[in-house]
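Worksheet for the structure shown next.
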Amino acid sequence: MKRTKRTLCGALLGLSLAACGPADEAGQDVTSEREQPLEATCTSVANTDMTVHACLHASNPGDNVNVNGASGAPNISTQHRHYTVALSGGGTGKVTYIPIARTSTTSTVESVAFYATQNVTITAVDTSVTPNVTLTALVSTHGITSDTCTLRHARVFDLQVGHTYELNISSPTSSVGVVPEYLYDNRGRYYRDADGDGYGANTPLYRFACEPPAGYVTQRFDCDDTNPAIFNC
Ligand SMILES: [Ca+2]
């Protein structure tokens, strides 16, 4: 049964969205009809669970590893670590990072955040391709506002799984704390909204993504995704 807009749900803002729609969430989860997840491009880091997670590593002395970025390029790929990276007198240094598949077993690209205690500059050089490719961060100035977290900034890159990256760090200080984290856990579910009425299709067409894909919304319950006058049904 199709209905036009139901105004009741507007009065129910703040309550569970499930109260506004007819379908059960679990009933929508049909893997065979699910669209492919989007890899990478997870640029939102502020106020996310992963940022809270990174801050926990930064505050746990048992997670700290000291490395010398001024000599060689030590590997900082081990997960769940806070690396204290010593830099040269001029505040420069180099570390190595090799991403693995985390979003899924077949992921080819991963969004990785390098949380840092200072407002450092980081460039990532992909040394697995010839000629080498230098990447600048997708997120380069994102401040972290938590009063209790020593991590204050994040640099996010989309990195090719299995490639070896040299991270060149430039800092105003002689050392910097760095917590690398994969950001796939920040993804949410977005439903296809083909008719642009703000409601996604009731059929299980959705993608997992960190940022809203074009034509997708977080709200579903559109039983006619071809008619913008019919939604929330
Ligand atoms: Ca519609």
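Each chain of the structure tokens is named A, B, ... in the order shown, its residues numbered from 1; ligands are numbered from 1 in display order.
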
Protein and nucleic residues near ligand 1, 6 Å, only C-alpha atoms and all ligand atoms, as a PDB file with C-alpha atoms, in the first residue's frame:
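result-v4.pdb written:
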```
ATOM      1  CA  ASP A 195      13.661  10.284  -6.626  1.00  0.00           C
ATOM      2  CA  ASP A 197      12.606  12.994  -1.695  1.00  0.00           C
ATOM      3  CA  ASP A 222      10.405   4.964   0.666  1.00  0.00           C
ATOM      4  CA  ASP A 224       8.103   4.225  -4.243  1.00  0.00           C
ATOM      5  CA  ASP A 225      11.569   5.459  -5.101  1.00  0.00           C
ATOM      6  CA  THR A 226      10.353   6.736  -8.480  1.00  0.00           C
ATOM      7  CA  ASN A 227       7.839   9.259  -7.102  1.00  0.00           C
ATOM      8  CA  PRO A 228       9.038  12.134  -4.901  1.00  0.00           C
ATOM      9  CA  ALA A 229       5.459  12.729  -3.673  1.00  0.00           C
ATOM     10  CA  ILE A 230       5.393   9.323  -2.000  1.00  0.00           C
ATOM     11  CA  PHE A 231       7.737   8.606   0.865  1.00  0.00           C
TER      12      PHE A 231
END
```

Exercise for review: Name the residues in contact with stretch 214-217 of chain A at a cut-off of 10 Å, using only C-alpha atoms, excluding same-chain residues fewer than 5 positions from it; report them as a PyMOL selection string.
Suggested key: chain A and resi 189-201+205-207

Can you spit out the residues from that selection as an mmCIF file, in the first residue's frame, using C-alpha atoms?
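Just written: out25.cif:
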```cif
data_model
loop_
_atom_site.group_PDB
_atom_site.id
_atom_site.type_symbol
_atom_site.label_atom_id
_atom_site.label_comp_id
_atom_site.auth_asym_id
_atom_site.auth_seq_id
_atom_site.Cartn_x
_atom_site.Cartn_y
_atom_site.Cartn_z
ATOM 1 C CA ARG A 189 24.568 2.452 5.989
ATOM 2 C CA TYR A 190 23.185 4.673 3.205
ATOM 3 C CA TYR A 191 20.021 3.873 1.240
ATOM 4 C CA ARG A 192 19.402 4.710 -2.408
ATOM 5 C CA ASP A 193 17.160 7.742 -2.928
ATOM 6 C CA ALA A 194 16.548 7.802 -6.675
ATOM 7 C CA ASP A 195 13.661 10.284 -6.626
ATOM 8 C CA GLY A 196 15.337 12.771 -4.328
ATOM 9 C CA ASP A 197 12.606 12.994 -1.695
ATOM 10 C CA GLY A 198 15.032 12.418 1.136
ATOM 11 C CA TYR A 199 13.892 8.865 1.842
ATOM 12 C CA GLY A 200 15.781 5.811 0.647
ATOM 13 C CA ALA A 201 14.265 2.797 -1.041
ATOM 14 C CA LEU A 205 19.688 -1.184 -1.766
ATOM 15 C CA TYR A 206 22.312 0.339 0.405
ATOM 16 C CA ARG A 207 25.985 0.950 0.671
#
```

For this session: as number ranges by chain, please: all residues of stretch 42-101 of chain A that backbone DSSP puts in strand (DSSP E or B).
Result: A: 64-68, 75, 82-86, 92-97

inquiry  = Report as a ChimeraX atom specification all protein, DNA and RNA residues lying within 9 Å of stretch 95-98 of chain A, evaluated on only C-alpha atoms, omitting residues in the same chain fewer than 4 positions from it.
reply    = /A:67-70,72-78,85,124,159-169,180

Those same residues, written as a CSV table (one decimal), in the first residue's frame with N, CA and C atoms?
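File selection29.csv, as written:
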```csv
chain,number,residue,atom,x,y,z
A,67,VAL,N,60.3,5.0,18.3
A,67,VAL,CA,61.0,4.7,17.1
A,67,VAL,C,61.8,6.0,16.7
A,68,ASN,N,62.9,5.8,15.9
A,68,ASN,CA,63.7,6.9,15.5
A,68,ASN,C,63.5,7.2,14.0
A,69,GLY,N,62.6,8.2,13.8
A,69,GLY,CA,62.3,8.6,12.4
A,69,GLY,C,63.4,9.4,11.8
A,70,ALA,N,64.5,9.8,12.6
A,70,ALA,CA,65.6,10.6,12.0
A,70,ALA,C,66.6,9.7,11.4
A,72,GLY,N,66.9,6.1,9.2
A,72,GLY,CA,66.2,5.0,8.6
A,72,GLY,C,64.7,5.4,8.5
A,73,ALA,N,63.8,4.5,8.3
A,73,ALA,CA,62.4,4.7,8.2
A,73,ALA,C,61.7,3.6,8.9
A,74,PRO,N,61.6,3.6,10.2
A,74,PRO,CA,61.1,2.5,11.0
A,74,PRO,C,59.6,2.2,10.6
A,75,ASN,N,59.2,1.0,10.7
A,75,ASN,CA,57.9,0.6,10.3
A,75,ASN,C,56.9,0.9,11.5
A,76,ILE,N,55.8,1.5,11.2
A,76,ILE,CA,54.8,1.8,12.2
A,76,ILE,C,53.5,1.2,11.8
A,77,SER,N,53.5,0.0,11.2
A,77,SER,CA,52.3,-0.6,10.6
A,77,SER,C,51.6,-1.5,11.7
A,78,THR,N,52.2,-1.8,12.8
A,78,THR,CA,51.5,-2.6,13.8
A,78,THR,C,50.3,-1.9,14.3
A,85,VAL,N,57.7,9.1,17.7
A,85,VAL,CA,58.6,9.2,16.6
A,85,VAL,C,59.6,10.3,16.9
A,124,ALA,N,52.8,11.1,2.0
A,124,ALA,CA,52.9,9.7,1.9
A,124,ALA,C,53.5,9.4,0.5
A,159,LEU,N,45.1,4.6,1.0
A,159,LEU,CA,46.3,3.9,0.6
A,159,LEU,C,46.0,2.6,0.0
A,160,GLN,N,46.9,2.2,-1.0
A,160,GLN,CA,46.7,0.9,-1.7
A,160,GLN,C,47.2,-0.2,-0.8
A,161,VAL,N,46.3,-1.2,-0.6
A,161,VAL,CA,46.7,-2.4,0.2
A,161,VAL,C,48.0,-3.0,-0.3
A,162,GLY,N,48.9,-3.3,0.6
A,162,GLY,CA,50.1,-4.0,0.3
A,162,GLY,C,51.2,-3.1,-0.2
A,163,HIS,N,51.0,-1.9,-0.5
A,163,HIS,CA,52.0,-1.0,-1.0
A,163,HIS,C,52.8,-0.5,0.2
A,164,THR,N,54.1,-0.2,-0.1
A,164,THR,CA,54.9,0.4,1.0
A,164,THR,C,55.0,1.9,0.9
A,165,TYR,N,54.6,2.6,1.9
A,165,TYR,CA,54.6,4.0,1.9
A,165,TYR,C,55.6,4.6,2.9
A,166,GLU,N,56.4,5.5,2.4
A,166,GLU,CA,57.2,6.3,3.2
A,166,GLU,C,56.5,7.6,3.6
A,167,LEU,N,56.3,7.7,4.9
A,167,LEU,CA,55.7,8.9,5.4
A,167,LEU,C,56.7,10.0,5.9
A,168,ASN,N,56.7,11.1,5.2
A,168,ASN,CA,57.7,12.1,5.5
A,168,ASN,C,57.0,13.1,6.5
A,169,ILE,N,57.6,13.3,7.6
A,169,ILE,CA,57.0,14.1,8.7
A,169,ILE,C,57.8,15.3,8.9
A,180,PRO,N,48.3,5.3,14.1
A,180,PRO,CA,47.7,4.9,12.8
A,180,PRO,C,46.4,4.1,13.0
```

From atom CA of A:His53 to atom CA of A:Val125 the spacing works out at 26.4 Å

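Straight-line separation from atom CA of A:Thr117 to atom CA of A:Asp63: 15.1 Å.
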
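Distances to A:Val139 were evaluated for A:Gln79, A:Thr43, A:Thr173, A:Asn60 using only C-alpha atoms, and the minimum falls at A:Thr43.
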
Please provide the set of residues having any atom within 8 Å of A:Val176, restricted to only C-alpha atoms, with same-chain residues fewer than 5 positions apart removed, written as a CSV table (one decimal) with N, CA and C atoms, in the first residue's frame.
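Dumped everything to part_2.csv:
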```
chain,number,residue,atom,x,y,z
A,84,THR,N,55.9,6.9,19.4
A,84,THR,CA,56.6,8.2,19.7
A,84,THR,C,57.8,8.2,18.7
A,85,VAL,N,57.7,9.1,17.7
A,85,VAL,CA,58.6,9.2,16.6
A,85,VAL,C,59.6,10.3,16.9
A,86,ALA,N,60.9,9.9,17.1
A,86,ALA,CA,61.9,10.9,17.3
A,86,ALA,C,62.3,11.5,15.9
A,87,LEU,N,62.5,12.8,15.9
A,87,LEU,CA,62.7,13.5,14.6
A,87,LEU,C,64.1,14.2,14.7
A,116,ALA,N,47.9,12.5,15.3
A,116,ALA,CA,49.2,13.1,15.7
A,116,ALA,C,49.0,14.0,16.9
A,117,THR,N,50.1,14.1,17.7
A,117,THR,CA,50.0,15.0,18.9
A,117,THR,C,50.3,16.4,18.5
A,118,GLN,N,51.0,16.6,17.4
A,118,GLN,CA,51.2,18.0,17.0
A,118,GLN,C,50.7,18.2,15.6
A,171,SER,N,57.7,18.6,11.5
A,171,SER,CA,57.1,19.0,12.8
A,171,SER,C,57.8,20.2,13.4
```

Can you list, as number ranges by chain, every protein, DNA or RNA residue that comes within 8 Å of A:Cys149 when you count only C-alpha atoms, leaving out same-chain residues fewer than 5 positions away?
A: 55-56, 58-59

With N, CA and C atoms kept, could you save the residues just selected as an mmCIF file, in the first residue's frame?
```cif
data_model
loop_
_atom_site.group_PDB
_atom_site.id
_atom_site.type_symbol
_atom_site.label_atom_id
_atom_site.label_comp_id
_atom_site.auth_asym_id
_atom_site.auth_seq_id
_atom_site.Cartn_x
_atom_site.Cartn_y
_atom_site.Cartn_z
ATOM 1 N N CYS A 55 42.530 7.628 20.829
ATOM 2 C CA CYS A 55 42.902 8.362 22.040
ATOM 3 C C CYS A 55 43.199 7.400 23.191
ATOM 4 N N LEU A 56 42.483 6.280 23.234
ATOM 5 C CA LEU A 56 42.760 5.282 24.272
ATOM 6 C C LEU A 56 44.171 4.725 24.125
ATOM 7 N N ALA A 58 46.640 6.287 22.800
ATOM 8 C CA ALA A 58 47.579 7.368 23.126
ATOM 9 C C ALA A 58 47.765 7.509 24.634
ATOM 10 N N SER A 59 46.743 7.168 25.398
ATOM 11 C CA SER A 59 46.809 7.359 26.851
ATOM 12 C C SER A 59 47.291 6.115 27.589
#
```

Shortest contact to A:Gly91, candidates A:Asn186, A:Thr130, A:Ser146, A:Thr121, atoms counted only C-alpha atoms, goes to A:Thr121

_Surrounding residues of A:Phe114 excluding itself and chain neighbours under 2 positions, 8 Å, only C-alpha atoms, as number ranges by chain_ = A: 112, 116, 154-156, 178-181

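Among the candidates A:Arg187, A:His153, A:Arg102, A:His57, the residue lying nearest to A:Val120 is A:His153 (atoms considered: only C-alpha atoms).
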
Taken to one decimal, the atom CA of A:Val52-atom CA of A:Glu39 distance is 21.9 Å

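Distances from A:Leu151, A:Val109, A:Ile100, A:Leu183 to A:His82 were compared using only C-alpha atoms, and the smallest one belongs to A:Leu151.
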
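Nearest-residue note for A:Ala209: choosing from A:Ser111, A:Ser88, A:Thr105, A:Asn66, the minimum distance belongs to A:Ser111, counting only C-alpha atoms.
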